[in-house]
>>> print(open('start27.cif').read())   # mmCIF, C-alpha atoms and all ligand atoms
data_entry
loop_
_atom_site.label_atom_id
_atom_site.label_comp_id
_atom_site.auth_asym_id
_atom_site.auth_seq_id
_atom_site.Cartn_x
_atom_site.Cartn_y
_atom_site.Cartn_z
CA MET C 1 0.00 0.00 0.00
CA ARG C 2 1.03 3.60 -0.49
CA THR C 3 -0.27 6.85 0.94
CA GLN C 4 0.93 10.40 1.52
CA VAL C 5 0.57 10.43 5.32
CA ALA C 6 0.44 7.31 7.52
CA ILE C 7 -1.25 8.10 10.83
CA ILE C 8 -0.59 5.85 13.83
CA GLY C 9 -3.55 5.76 16.25
CA ALA C 10 -7.31 6.37 15.85
CA GLY C 11 -7.83 8.41 19.02
CA PRO C 12 -9.12 11.96 18.68
CA ALA C 13 -5.72 13.25 17.46
CA GLY C 14 -5.32 10.67 14.66
CA LEU C 15 -8.96 10.83 13.53
CA LEU C 16 -9.04 14.65 13.49
CA LEU C 17 -5.75 14.84 11.58
CA GLY C 18 -7.03 12.29 9.06
CA GLN C 19 -10.19 14.30 8.54
CA LEU C 20 -8.42 17.67 8.13
CA LEU C 21 -5.93 16.15 5.68
CA GLY C 22 -8.74 14.36 3.80
CA LYS C 23 -10.62 17.65 3.43
CA ALA C 24 -7.43 19.22 2.00
CA GLY C 25 -7.16 16.39 -0.55
CA ILE C 26 -4.18 14.71 1.14
CA ASP C 27 -4.39 10.92 1.12
CA ASN C 28 -3.89 9.21 4.48
CA ILE C 29 -4.26 5.83 6.14
CA ILE C 30 -4.86 5.36 9.88
CA VAL C 31 -3.38 2.29 11.59
CA GLU C 32 -4.92 1.49 15.00
CA GLN C 33 -4.11 -1.45 17.26
CA ARG C 34 -7.58 -1.70 18.85
CA SER C 35 -11.13 -2.19 17.55
CA PRO C 36 -13.52 0.77 17.02
CA ASP C 37 -15.65 -0.39 19.98
CA TYR C 38 -12.62 -0.51 22.26
CA VAL C 39 -11.62 3.02 21.24
CA LEU C 40 -15.18 4.24 21.88
CA GLY C 41 -15.31 2.50 25.26
CA ARG C 42 -12.62 4.71 26.82
CA ILE C 43 -14.28 7.41 28.91
CA ARG C 44 -12.06 10.46 29.03
CA ALA C 45 -12.29 14.18 28.40
CA GLY C 46 -15.40 16.29 28.60
CA ILE C 47 -14.48 19.94 27.98
CA LEU C 48 -13.78 21.44 24.56
CA GLU C 49 -12.14 24.83 24.05
CA CYS C 50 -13.40 27.06 21.24
CA GLY C 51 -10.28 26.25 19.16
CA THR C 52 -11.14 22.55 19.34
CA VAL C 53 -14.72 23.29 18.28
CA GLN C 54 -13.34 25.31 15.33
CA ALA C 55 -11.07 22.43 14.31
CA LEU C 56 -14.02 20.01 14.43
CA GLU C 57 -16.04 22.45 12.30
CA ARG C 58 -13.24 22.54 9.74
CA ALA C 59 -13.18 18.77 9.79
CA GLY C 60 -16.91 18.68 9.01
CA ALA C 61 -17.61 16.82 12.25
CA ALA C 62 -19.33 19.44 14.43
CA ALA C 63 -23.05 19.12 13.57
CA ARG C 64 -24.01 16.95 16.56
CA LEU C 65 -21.65 18.89 18.80
CA HIS C 66 -23.59 22.07 17.97
CA ASP C 67 -26.92 20.29 18.61
CA GLU C 68 -26.05 18.41 21.78
CA GLY C 69 -22.97 20.10 23.31
CA LEU C 70 -23.60 22.30 26.35
CA PRO C 71 -21.98 25.76 26.20
CA HIS C 72 -20.65 26.71 29.65
CA GLU C 73 -19.88 30.28 30.65
CA GLY C 74 -18.35 29.59 34.05
CA ILE C 75 -16.98 27.10 36.56
CA GLU C 76 -17.33 26.95 40.34
CA LEU C 77 -14.74 26.41 43.04
CA SER C 78 -15.97 24.72 46.21
CA TRP C 79 -13.71 25.58 49.13
CA HIS C 80 -14.15 26.08 52.88
CA GLY C 81 -17.80 25.11 52.69
CA ARG C 82 -18.71 27.71 50.04
CA ARG C 83 -18.87 27.93 46.29
CA HIS C 84 -17.17 30.70 44.30
CA ARG C 85 -18.09 31.20 40.65
CA ILE C 86 -15.51 32.12 38.02
CA ASP C 87 -17.32 33.81 35.17
CA LEU C 88 -15.23 32.61 32.22
CA HIS C 89 -17.33 34.46 29.67
CA ALA C 90 -17.33 37.84 31.45
CA LEU C 91 -13.57 37.57 32.04
CA THR C 92 -12.52 36.42 28.56
CA GLY C 93 -15.45 36.77 26.15
CA ARG C 94 -15.19 33.03 25.47
CA LYS C 95 -16.99 29.86 26.56
CA VAL C 96 -16.17 26.17 26.70
CA THR C 97 -18.37 23.34 25.45
CA VAL C 98 -19.26 20.20 27.40
CA TYR C 99 -19.19 17.33 24.90
CA GLY C 100 -17.60 13.97 25.67
CA GLN C 101 -14.46 12.71 23.97
CA THR C 102 -16.37 9.51 23.18
CA GLU C 103 -18.86 11.55 21.14
CA VAL C 104 -16.07 13.53 19.42
CA THR C 105 -14.48 10.21 18.45
CA ARG C 106 -17.80 8.76 17.25
CA ASP C 107 -18.46 11.84 15.06
CA LEU C 108 -14.95 11.74 13.59
CA MET C 109 -15.28 8.01 12.83
CA ALA C 110 -18.58 8.66 11.01
CA ALA C 111 -17.10 11.59 9.06
CA ARG C 112 -14.13 9.43 8.05
CA GLU C 113 -16.40 6.69 6.83
CA ALA C 114 -18.37 9.24 4.78
CA LEU C 115 -15.09 10.43 3.17
CA GLY C 116 -14.26 6.83 2.31
CA ALA C 117 -10.79 7.12 3.89
CA ARG C 118 -8.93 3.95 4.93
CA THR C 119 -8.57 2.92 8.58
CA ILE C 120 -6.94 -0.34 9.60
CA TYR C 121 -8.25 -1.41 13.01
CA GLU C 122 -6.81 -4.26 15.07
CA ALA C 123 -3.37 -3.91 13.50
CA ASP C 124 -0.82 -5.92 15.53
CA GLY C 125 2.87 -5.23 16.03
CA VAL C 126 2.86 -1.83 14.33
CA SER C 127 6.44 -0.68 13.58
CA LEU C 128 7.90 2.48 12.02
CA HIS C 129 10.88 2.45 9.64
CA GLY C 130 13.05 4.83 7.61
CA PHE C 131 11.61 8.10 8.90
CA ASP C 132 15.14 9.51 9.08
CA GLY C 133 15.36 9.16 5.27
CA GLU C 134 13.17 9.91 2.26
CA ARG C 135 10.99 6.79 2.27
CA PRO C 136 9.27 6.04 5.55
CA LEU C 137 7.43 2.77 5.99
CA VAL C 138 4.86 1.47 8.45
CA ARG C 139 4.62 -2.28 8.98
CA TYR C 140 1.92 -4.22 10.84
CA ARG C 141 0.34 -7.68 11.08
CA LYS C 142 -3.29 -8.41 10.47
CA ASP C 143 -5.22 -11.59 9.68
CA GLY C 144 -2.05 -13.68 9.86
CA SER C 145 0.04 -11.70 7.37
CA THR C 146 2.44 -8.77 7.40
CA HIS C 147 1.51 -5.57 5.56
CA GLU C 148 3.48 -2.47 4.63
CA ILE C 149 2.45 1.11 3.99
CA ALA C 150 4.92 3.29 2.08
CA CYS C 151 4.39 6.99 2.77
CA ASP C 152 5.91 10.48 2.62
CA TYR C 153 5.33 11.28 6.31
CA ILE C 154 4.31 9.49 9.50
CA ALA C 155 2.14 11.16 12.14
CA GLY C 156 2.55 9.53 15.56
CA CYS C 157 -0.87 10.01 17.20
CA ASP C 158 -0.79 6.82 19.26
CA GLY C 159 -1.02 8.19 22.79
CA PHE C 160 1.37 8.03 25.72
CA HIS C 161 2.03 4.27 25.51
CA GLY C 162 2.24 4.18 21.70
CA VAL C 163 5.04 2.89 19.50
CA SER C 164 5.85 6.15 17.66
CA ARG C 165 7.77 7.97 20.39
CA GLN C 166 9.41 4.68 21.39
CA SER C 167 10.74 4.28 17.82
CA VAL C 168 12.92 7.36 18.16
CA PRO C 169 16.52 6.76 19.33
CA PRO C 170 16.62 7.98 22.97
CA ALA C 171 19.67 10.16 22.26
CA SER C 172 17.59 12.23 19.79
CA MET C 173 15.05 13.43 22.32
CA ARG C 174 14.67 14.92 25.78
CA GLN C 175 11.82 13.98 28.09
CA PHE C 176 10.51 16.03 31.00
CA GLU C 177 8.26 14.42 33.58
CA ARG C 178 6.43 14.86 36.91
CA VAL C 179 4.48 11.94 38.34
CA TYR C 180 1.98 12.94 41.04
CA PRO C 181 1.48 10.69 44.08
CA PHE C 182 -2.26 10.40 43.40
CA GLY C 183 -4.80 9.60 40.71
CA TRP C 184 -8.44 10.35 39.89
CA LEU C 185 -11.11 7.77 40.61
CA GLY C 186 -13.88 8.55 38.11
CA VAL C 187 -17.52 7.47 37.97
CA LEU C 188 -19.99 7.94 35.12
CA SER C 189 -23.67 7.74 36.04
CA ASP C 190 -27.07 8.36 34.50
CA THR C 191 -28.04 10.96 37.07
CA PRO C 192 -28.66 14.69 36.57
CA PRO C 193 -25.51 16.79 37.09
CA LEU C 194 -24.97 18.31 40.51
CA ALA C 195 -25.15 21.88 39.17
CA ASP C 196 -25.44 23.78 35.88
CA GLU C 197 -21.66 24.27 35.77
CA LEU C 198 -18.60 22.18 36.70
CA VAL C 199 -17.66 22.24 40.38
CA TYR C 200 -13.95 21.90 41.28
CA ALA C 201 -13.66 21.16 45.02
CA SER C 202 -10.62 21.62 47.23
CA HIS C 203 -11.11 19.87 50.58
CA GLU C 204 -9.03 18.47 53.45
CA ARG C 205 -9.97 14.97 52.33
CA GLY C 206 -8.71 15.72 48.82
CA PHE C 207 -9.79 17.14 45.47
CA ALA C 208 -13.15 16.34 43.84
CA LEU C 209 -14.72 17.33 40.53
CA CYS C 210 -18.38 17.29 39.53
CA SER C 211 -18.64 17.27 35.74
CA MET C 212 -21.20 16.09 33.22
CA ARG C 213 -21.76 14.69 29.76
CA SER C 214 -25.37 15.88 29.27
CA ARG C 215 -28.35 17.05 31.31
CA THR C 216 -28.98 13.45 32.36
CA ARG C 217 -25.46 12.01 32.58
CA SER C 218 -22.83 13.00 35.15
CA ARG C 219 -19.11 12.44 35.51
CA TYR C 220 -17.53 12.68 38.96
CA TYR C 221 -13.95 12.32 40.17
CA VAL C 222 -12.24 12.10 43.58
CA GLN C 223 -8.51 12.29 44.22
CA VAL C 224 -7.16 8.96 45.57
CA PRO C 225 -3.62 7.81 46.48
CA SER C 226 -1.78 6.11 43.58
CA SER C 227 -1.83 2.83 45.49
CA GLU C 228 -5.66 2.66 45.50
CA ARG C 229 -7.46 -0.17 43.63
CA VAL C 230 -10.77 0.38 41.88
CA GLU C 231 -12.10 -2.98 43.18
CA ASP C 232 -12.02 -1.54 46.69
CA TRP C 233 -14.46 1.23 45.77
CA SER C 234 -18.11 0.22 45.92
CA ASP C 235 -20.55 2.74 44.46
CA GLU C 236 -21.65 3.60 47.98
CA ARG C 237 -18.12 4.27 49.17
CA PHE C 238 -17.51 6.50 46.15
CA TRP C 239 -20.67 8.59 46.66
CA ASN C 240 -19.98 8.99 50.39
CA GLU C 241 -16.43 10.13 49.73
CA LEU C 242 -17.52 12.57 47.05
CA ARG C 243 -20.28 13.99 49.26
CA SER C 244 -17.85 14.48 52.14
CA ARG C 245 -15.63 16.72 49.97
CA LEU C 246 -18.39 19.09 48.79
CA ASP C 247 -19.85 22.20 50.42
CA PRO C 248 -23.08 21.44 52.36
CA GLN C 249 -25.38 22.85 49.67
CA ALA C 250 -23.73 20.83 46.90
CA ALA C 251 -23.61 17.72 49.09
CA ALA C 252 -27.34 18.00 49.73
CA SER C 253 -28.19 18.28 46.02
CA LEU C 254 -25.99 15.38 44.84
CA GLN C 255 -28.09 12.69 43.15
CA THR C 256 -26.50 9.27 43.12
CA GLY C 257 -27.07 6.13 41.06
CA PRO C 258 -25.31 3.00 39.79
CA ALA C 259 -21.88 3.60 38.22
CA LEU C 260 -21.90 2.91 34.46
CA GLU C 261 -18.11 3.09 34.47
CA LYS C 262 -15.54 3.37 37.25
CA SER C 263 -11.78 3.68 36.76
CA ILE C 264 -8.64 5.21 38.21
CA ALA C 265 -6.42 7.44 36.05
CA PRO C 266 -2.88 8.25 37.23
CA LEU C 267 -1.83 11.91 37.08
CA ARG C 268 1.27 12.86 35.16
CA SER C 269 2.94 15.81 33.45
CA PHE C 270 5.16 14.84 30.52
CA VAL C 271 6.73 16.52 27.47
CA CYS C 272 8.98 15.07 24.80
CA GLU C 273 11.20 17.43 22.79
CA PRO C 274 11.37 17.91 19.86
CA LEU C 275 8.15 16.81 18.15
CA ARG C 276 9.78 16.09 14.79
CA PHE C 277 12.30 13.41 13.87
CA GLY C 278 12.96 13.56 10.12
CA ARG C 279 9.66 12.56 8.54
CA LEU C 280 7.99 11.51 11.80
CA PHE C 281 5.84 14.07 13.65
CA LEU C 282 4.42 13.44 17.12
CA ALA C 283 1.05 14.90 18.16
CA GLY C 284 -1.31 14.63 21.14
CA ASP C 285 -0.66 12.34 24.10
CA ALA C 286 2.16 10.63 22.14
CA ALA C 287 4.17 13.81 22.72
CA HIS C 288 2.83 15.22 25.99
CA ILE C 289 0.60 14.46 28.96
CA VAL C 290 -1.04 16.90 31.35
CA PRO C 291 -2.92 16.07 34.55
CA PRO C 292 -6.64 16.42 33.73
CA THR C 293 -7.27 19.22 36.25
CA GLY C 294 -7.08 21.98 33.62
CA ALA C 295 -9.04 19.99 30.98
CA LYS C 296 -6.23 20.55 28.46
CA GLY C 297 -5.21 17.12 27.08
CA LEU C 298 -7.70 16.67 24.26
CA ASN C 299 -7.56 20.37 23.44
CA LEU C 300 -3.77 20.32 23.11
CA ALA C 301 -4.05 17.25 20.89
CA ALA C 302 -6.56 19.07 18.65
CA GLY C 303 -4.26 22.13 18.50
CA ASP C 304 -1.29 19.94 17.50
CA VAL C 305 -3.09 18.24 14.63
CA ALA C 306 -4.75 21.44 13.37
CA SER C 307 -1.29 22.96 13.09
CA LEU C 308 0.25 19.79 11.61
CA SER C 309 -2.48 19.54 8.97
CA ASP C 310 -1.93 23.21 7.99
CA ALA C 311 1.81 22.55 7.71
CA LEU C 312 1.34 19.40 5.58
CA THR C 313 -1.19 21.24 3.40
CA ALA C 314 1.34 24.07 2.75
CA ARG C 315 3.96 21.44 1.94
CA TYR C 316 1.78 19.59 -0.59
CA ARG C 317 -0.13 22.52 -2.09
CA ASP C 318 2.58 25.20 -2.26
CA ASN C 319 5.67 23.03 -1.88
CA ASP C 320 6.41 25.18 1.18
CA PRO C 321 8.09 23.26 4.03
CA ALA C 322 8.45 26.28 6.38
CA ALA C 323 5.53 25.38 8.66
CA LEU C 324 6.66 21.76 8.91
CA ASP C 325 10.10 23.05 9.91
CA THR C 326 8.67 25.21 12.70
CA TYR C 327 5.91 22.78 13.87
CA SER C 328 7.89 21.50 16.83
CA GLU C 329 9.04 24.89 18.11
CA THR C 330 5.64 26.57 17.64
CA ARG C 331 3.66 23.80 19.31
CA LEU C 332 6.11 23.36 22.19
CA ARG C 333 5.52 26.98 23.23
CA ARG C 334 1.77 26.29 23.48
CA ILE C 335 2.32 22.91 25.10
CA TRP C 336 4.49 24.33 27.89
CA LYS C 337 1.86 27.01 28.63
CA ALA C 338 -0.74 24.26 29.08
CA GLU C 339 1.73 22.16 31.09
CA ARG C 340 2.30 25.07 33.46
CA PHE C 341 -1.41 25.78 33.88
CA SER C 342 -2.33 22.11 34.43
CA TRP C 343 0.50 21.66 36.95
CA TRP C 344 -0.52 24.86 38.75
CA MET C 345 -4.21 23.95 38.94
CA THR C 346 -3.30 20.46 40.16
CA SER C 347 -0.96 21.87 42.83
CA LEU C 348 -3.59 24.40 43.91
CA LEU C 349 -6.54 22.04 44.36
CA HIS C 350 -5.12 18.66 45.45
CA ARG C 351 -3.94 17.47 48.87
CA PHE C 352 -0.31 16.37 48.93
CA ALA C 353 0.37 13.73 51.61
CA ASP C 354 3.90 15.05 52.16
CA ALA C 355 2.97 18.74 52.34
CA ASP C 356 4.42 20.49 55.38
CA GLY C 357 2.71 23.34 57.22
CA PHE C 358 4.36 25.98 55.04
CA SER C 359 3.19 24.44 51.74
CA SER C 360 -0.35 24.02 53.06
CA ARG C 361 -0.52 27.67 54.18
CA ILE C 362 0.80 28.84 50.78
CA GLN C 363 -1.84 26.73 49.04
CA GLN C 364 -4.59 28.22 51.21
CA ALA C 365 -3.24 31.75 50.59
CA GLU C 366 -3.30 31.12 46.85
CA LEU C 367 -6.94 29.94 46.96
CA GLU C 368 -7.76 33.02 49.05
CA GLU C 369 -6.10 35.18 46.39
CA LEU C 370 -8.08 33.47 43.65
CA VAL C 371 -11.51 33.87 45.21
CA GLY C 372 -10.75 37.47 46.20
CA SER C 373 -9.09 38.86 43.10
CA GLU C 374 -10.59 39.47 39.67
CA ALA C 375 -7.10 39.63 38.17
CA ALA C 376 -6.28 36.17 39.55
CA CYS C 377 -9.62 34.82 38.26
CA ARG C 378 -8.95 36.32 34.83
CA ALA C 379 -5.55 34.61 34.62
CA LEU C 380 -7.21 31.27 35.42
CA ALA C 381 -10.10 31.94 33.02
CA GLU C 382 -7.82 32.86 30.10
CA ASN C 383 -5.86 29.66 30.49
CA TYR C 384 -8.96 27.51 31.06
CA VAL C 385 -10.90 28.65 27.97
CA GLY C 386 -7.80 28.55 25.72
CA GLN C 387 -7.14 30.45 22.49
CA PRO C 388 -9.12 30.30 19.24
CA LEU C 389 -7.25 28.56 16.39
P1 LIG C 401 -5.36 8.63 22.72
O1 LIG C 401 -6.77 9.04 22.98
O2 LIG C 401 -4.65 7.89 23.77
O3 LIG C 401 -5.37 7.78 21.38
C1 LIG C 401 -4.24 7.06 20.93
C2 LIG C 401 -4.68 5.92 20.05
O4 LIG C 401 -3.53 5.22 19.58
C3 LIG C 401 -3.76 3.83 19.71
N1 LIG C 401 -2.45 3.15 19.82
C4 LIG C 401 -1.85 2.49 18.82
N2 LIG C 401 -2.21 2.29 17.55
C5 LIG C 401 -1.37 1.57 16.77
N3 LIG C 401 -0.19 1.04 17.22
C6 LIG C 401 0.19 1.21 18.48
N4 LIG C 401 1.34 0.69 18.93
C7 LIG C 401 -0.64 1.96 19.34
N5 LIG C 401 -0.55 2.34 20.63
C8 LIG C 401 -1.66 3.05 20.91
C9 LIG C 401 -4.61 3.70 20.95
O5 LIG C 401 -5.33 2.46 20.95
C10 LIG C 401 -5.53 4.91 20.80
O6 LIG C 401 -6.70 4.62 20.08
O7 LIG C 401 -4.45 9.89 22.37
P2 LIG C 401 -4.80 11.25 21.55
O8 LIG C 401 -5.55 10.93 20.29
O9 LIG C 401 -3.54 12.01 21.51
O10 LIG C 401 -5.87 12.01 22.47
C11 LIG C 401 -5.51 12.55 23.72
C12 LIG C 401 -6.71 12.54 24.67
O11 LIG C 401 -7.26 11.24 24.68
C13 LIG C 401 -6.31 12.95 26.10
O12 LIG C 401 -5.38 14.01 26.08
C14 LIG C 401 -7.52 13.42 26.93
O13 LIG C 401 -8.43 12.36 27.15
C15 LIG C 401 -7.06 13.96 28.29
N6 LIG C 401 -8.19 14.32 29.17
C16 LIG C 401 -8.86 15.52 29.00
N7 LIG C 401 -8.51 16.36 28.00
C17 LIG C 401 -9.23 17.52 27.79
O14 LIG C 401 -8.89 18.28 26.86
N8 LIG C 401 -10.33 17.87 28.56
C18 LIG C 401 -10.74 17.06 29.58
O15 LIG C 401 -11.75 17.37 30.21
C19 LIG C 401 -9.98 15.86 29.85
N9 LIG C 401 -10.36 15.02 30.83
C20 LIG C 401 -8.58 13.46 30.20
C21 LIG C 401 -9.67 13.84 31.03
C22 LIG C 401 -7.92 12.25 30.42
C23 LIG C 401 -8.30 11.44 31.46
N10 LIG C 401 -7.60 10.24 31.64
C24 LIG C 401 -8.21 8.96 31.57
C25 LIG C 401 -6.15 10.26 31.65
C26 LIG C 401 -10.08 13.03 32.07
C27 LIG C 401 -9.37 11.84 32.31
C28 LIG C 401 -9.82 11.00 33.49
C1 LIG C 402 -14.56 15.47 32.52
O1 LIG C 402 -15.75 15.80 32.38
O2 LIG C 402 -14.18 14.30 32.33
C2 LIG C 402 -13.57 16.49 32.95
C3 LIG C 402 -13.94 17.82 33.02
C4 LIG C 402 -13.02 18.77 33.44
C5 LIG C 402 -11.74 18.38 33.78
C6 LIG C 402 -11.35 17.06 33.68
C7 LIG C 402 -12.27 16.10 33.27
O3 LIG C 402 -10.87 19.33 34.22
#
>>> encode(input="start27.cif", output="structure tokens")
Amino acid sequence: MRTQVAIIGAGPAGLLLGQLLGKAGIDNIIVEQRSPDYVLGRIRAGILECGTVQALERAGAAARLHDEGLPHEGIELSWHGRRHRIDLHALTGRKVTVYGQTEVTRDLMAAREALGARTIYEADGVSLHGFDGERPLVRYRKDGSTHEIACDYIAGCDGFHGVSRQSVPPASMRQFERVYPFGWLGVLSDTPPLADELVYASHERGFALCSMRSRTRSRYYVQVPSSERVEDWSDERFWNELRSRLDPQAAASLQTGPALEKSIAPLRSFVCEPLRFGRLFLAGDAAHIVPPTGAKGLNLAAGDVASLSDALTARYRDNDPAALDTYSETRLRRIWKAERFSWWMTSLLHRFADADGFSSRIQQAELEELVGSEAACRALAENYVGQPL
């Protein structure tokens, strides 16, 4: 087989890139190790920045998002028994949209099918070759035989554990990492959301987040130590823990129900530099991870592939490689801004088991500053809503 761009991974980054390239007339094949149902079964992000919505519009995959997505103009902080609203729209003129990553993925899969573009699901043993030269190659096994895709470029969109970044000689890259000593235990339930907007709670017992997928489906998280096992969390234990971390009014209005999904996600900050190795480009979680506190992961991935598709389009249409040459540097500036914000929001709202008295007082002073200062709220709001494309 031959194509112009071979894309590794059919998560939101790979599917969106494929769609943007397809719309620009650039042939591409996606190679994914899992089945479509497996990909759709992963419950992850819920908040889209306006730039991500714009990218999905450009990809021709935003119709349902506009029908069913919930525009949100603010978020709430629950702290010391009270809730404090941050008016994102008044502070920045922008909103965010609540629309699940699962739905984004579903819409992109449908759009890809309508374009008639090729996706190879359940590809085993995917390997990348020759990206340091002129003729890159992707090899994989399926149905008992080995297949090869010859291409001009490879886009590594295969997430944090993918093969793309691991194919680069370690001496050619630098990696920066922080692993946090806790994770998020998440529950999805068919119950009405706690409030009209997301509630981020900072409490002595730990962080909690009340989010949603629709007016009838909620998504909740509580901070747990990294050593915790999901099997030890009955629904009842989860709801009691969540309730104990909310202000009294929120706790009283929490509606509980059976968990449709329950899982623990570790929290990590990670960046790999650079993002380009010859004809291989990394995008999304393959290149960087943020803790979910700032709701940035999916949005960064969308920003990466929007910029990569523009760069590849300039290369093919105008024979202009300038944007491909600056992709890594340009994106890394944005990525580090999101890394800083996500790290800061995580540090602000979570309980650290090893925090001494000084660190705890500084954390409390910073929360005090936030709820009392419009300038501090604006800084948070600008980072939270993100930039248009
Ligand atoms: P993905 O989604 O991991 O997709 C990668 C795909 O590559 C496939 N793959 C391979 N394919 C072929 N060969 C291989 N060797 C392969 N190895 C892997 C995988 O099967 C998969 O299909 O990465 P992508 O596309 O870069 O997308 C990134 C986002 O998924 C991620 O950043 C967000 O989910 C992060 N995130 C959030 N981001 C937001 O913007 N807003 C949020 O509100 C938000 N909430 C969250 C989150 C992530 C969470 N978890 C579980 C870490 C909440 C949570 C709890
Ligand atoms: C979610 O709904 O899954 C979600 C929302 C906001 C975050 C993280 C996750 O900051």
>>> closest_residue(input="start27.cif", among="C:Ala265, C:Val187, C:Ala250, C:Leu198", to="Ser227 in chain C", atoms="only C-alpha atoms")
C:Ala265
>>> axis_aligned_box(input="start27.cif", around="ligand LIG 401 (chain C)", padding_each_side="5 Å", output="lines of an AutoDock Vina configuration file")
center_x = -5.2
center_y = 9.5
center_z = 25.1
size_x = 23.1
size_y = 27.6
size_z = 26.7
>>> closest_atom_pairs(input="start27.cif", of="chain C", to="ligand LIG 401 (chain C)", cutoff="6 Å", atoms="all atoms listed in the file", output="CSV")
residue,atom,partner,partner_atom,distance
C:Ile8,CA,C:LIG401,C5,5.3
C:Gly9,CA,C:LIG401,O4,3.4
C:Ala10,CA,C:LIG401,O6,4.6
C:Gly11,CA,C:LIG401,O3,3.5
C:Pro12,CA,C:LIG401,O8,4.0
C:Ala13,CA,C:LIG401,O8,3.7
C:Gly14,CA,C:LIG401,O8,5.6
C:Val31,CA,C:LIG401,C5,5.6
C:Glu32,CA,C:LIG401,N2,3.8
C:Gln33,CA,C:LIG401,C5,4.1
C:Arg34,CA,C:LIG401,O5,5.2
C:Val39,CA,C:LIG401,O6,5.3
C:Arg44,CA,C:LIG401,C26,4.4
C:Ala45,CA,C:LIG401,C19,3.2
C:Gly46,CA,C:LIG401,O15,4.1
C:Ile47,CA,C:LIG401,O15,4.4
C:Val126,CA,C:LIG401,N3,5.1
C:Cys157,CA,C:LIG401,O9,5.5
C:Asp158,CA,C:LIG401,O4,3.2
C:Gly159,CA,C:LIG401,O2,3.8
C:His161,CA,C:LIG401,N5,5.8
C:Gly162,CA,C:LIG401,N5,3.5
C:Val163,CA,C:LIG401,N4,4.3
C:Ala265,CA,C:LIG401,C24,5.1
C:Gly284,CA,C:LIG401,O9,3.5
C:Asp285,CA,C:LIG401,O9,3.9
C:Ala286,CA,C:LIG401,O9,5.9
C:Pro292,CA,C:LIG401,C21,4.8
C:Ala295,CA,C:LIG401,N8,3.5
C:Lys296,CA,C:LIG401,O14,3.8
C:Gly297,CA,C:LIG401,O12,3.3
C:Leu298,CA,C:LIG401,O14,3.3
C:Asn299,CA,C:LIG401,O14,4.2
C:Ala301,CA,C:LIG401,O9,5.3
>>> closest_residue(input="start27.cif", among="C:Ile264, C:Ala63, C:Ile75, C:Cys151", to="Ile29 in chain C", atoms="only C-alpha atoms")
C:Cys151
>>> residues_near_ligand(input="start27.cif", ligand="ligand LIG 402 (chain C)", cutoff="10 Å", atoms="all atoms listed in the file", output="ChimeraX atom specification")
/C:43-48,75,98-101,184,186-188,198-200,209-213,218-221,291-297,342,345-346,384
>>> atom_distance(input="start27.cif", atom1="CA of Gly372 in chain C", atom2="CA of Glu73 in chain C")
19.4 Å
>>> residues_near_point(input="start27.cif", point="(-8.1, 20.5, 54.7)", cutoff="10 Å", atoms="only C-alpha atoms", output="PDB file with C-alpha atoms, in the frame of the given file")
ATOM      1  CA  TRP C  79     -13.710  25.580  49.130  1.00  0.00           C
ATOM      2  CA  HIS C  80     -14.150  26.080  52.880  1.00  0.00           C
ATOM      3  CA  SER C 202     -10.620  21.620  47.230  1.00  0.00           C
ATOM      4  CA  HIS C 203     -11.110  19.870  50.580  1.00  0.00           C
ATOM      5  CA  GLU C 204      -9.030  18.470  53.450  1.00  0.00           C
ATOM      6  CA  ARG C 205      -9.970  14.970  52.330  1.00  0.00           C
ATOM      7  CA  GLY C 206      -8.710  15.720  48.820  1.00  0.00           C
ATOM      8  CA  PHE C 207      -9.790  17.140  45.470  1.00  0.00           C
ATOM      9  CA  ARG C 245     -15.630  16.720  49.970  1.00  0.00           C
ATOM     10  CA  HIS C 350      -5.120  18.660  45.450  1.00  0.00           C
ATOM     11  CA  ARG C 351      -3.940  17.470  48.870  1.00  0.00           C
ATOM     12  CA  SER C 360      -0.350  24.020  53.060  1.00  0.00           C
ATOM     13  CA  GLN C 364      -4.590  28.220  51.210  1.00  0.00           C
TER      14      GLN C 364
END
>>> residues_around(input="start27.cif", residues="range 22-24 of chain C", least_positions_apart="3", cutoff="8 Å", atoms="only C-alpha atoms", output="list in words")
Gly18, Gln19, Asp27, Asn28, Ala59, Leu115, Ala117 and Thr313 of chain C
>>> residues_near_point(input="start27.cif", point="(14.8, 12.7, 24.3)", cutoff="10 Å", atoms="only C-alpha atoms", output="MDAnalysis selection string")
chainID C and resid 165 168:176 271:275
>>> closest_residue(input="start27.cif", among="C:Val104, C:Ala311, C:Leu300, C:Leu88", to="Cys377 in chain C", atoms="only C-alpha atoms")
C:Leu88
>>> closest_residue(input="start27.cif", among="C:Ala381, C:Ala201, C:Ala314, C:Leu280", to="Leu246 in chain C", atoms="only C-alpha atoms")
C:Ala201
>>> atom_distance(input="start27.cif", atom1="CA of Thr52 in chain C", atom2="CA of Gly386 in chain C")
9.4 Å
>>> closest_residue(input="start27.cif", among="C:Leu20, C:Gly183, C:Val224, C:Arg112", to="Leu312 in chain C", atoms="all atoms listed in the file")
C:Leu20
>>> closest_residue(input="start27.cif", among="C:Ala379, C:Leu308, C:Met109, C:Ile362", to="Phe341 in chain C", atoms="all atoms listed in the file")
C:Ala379
>>> atom_distance(input="start27.cif", atom1="CA of Glu148 in chain C", atom2="CA of Tyr316 in chain C")
22.7 Å
>>> residues_around(input="start27.cif", residues="Ser226 in chain C", least_positions_apart="6", cutoff="12 Å", atoms="all atoms listed in the file", output="list in words")
Val179, Tyr180, Pro181, Phe182, Gly183, Trp184, Leu185, Ile264, Ala265, Pro266, Leu267, Arg268, Phe352 and Ala353 of chain C
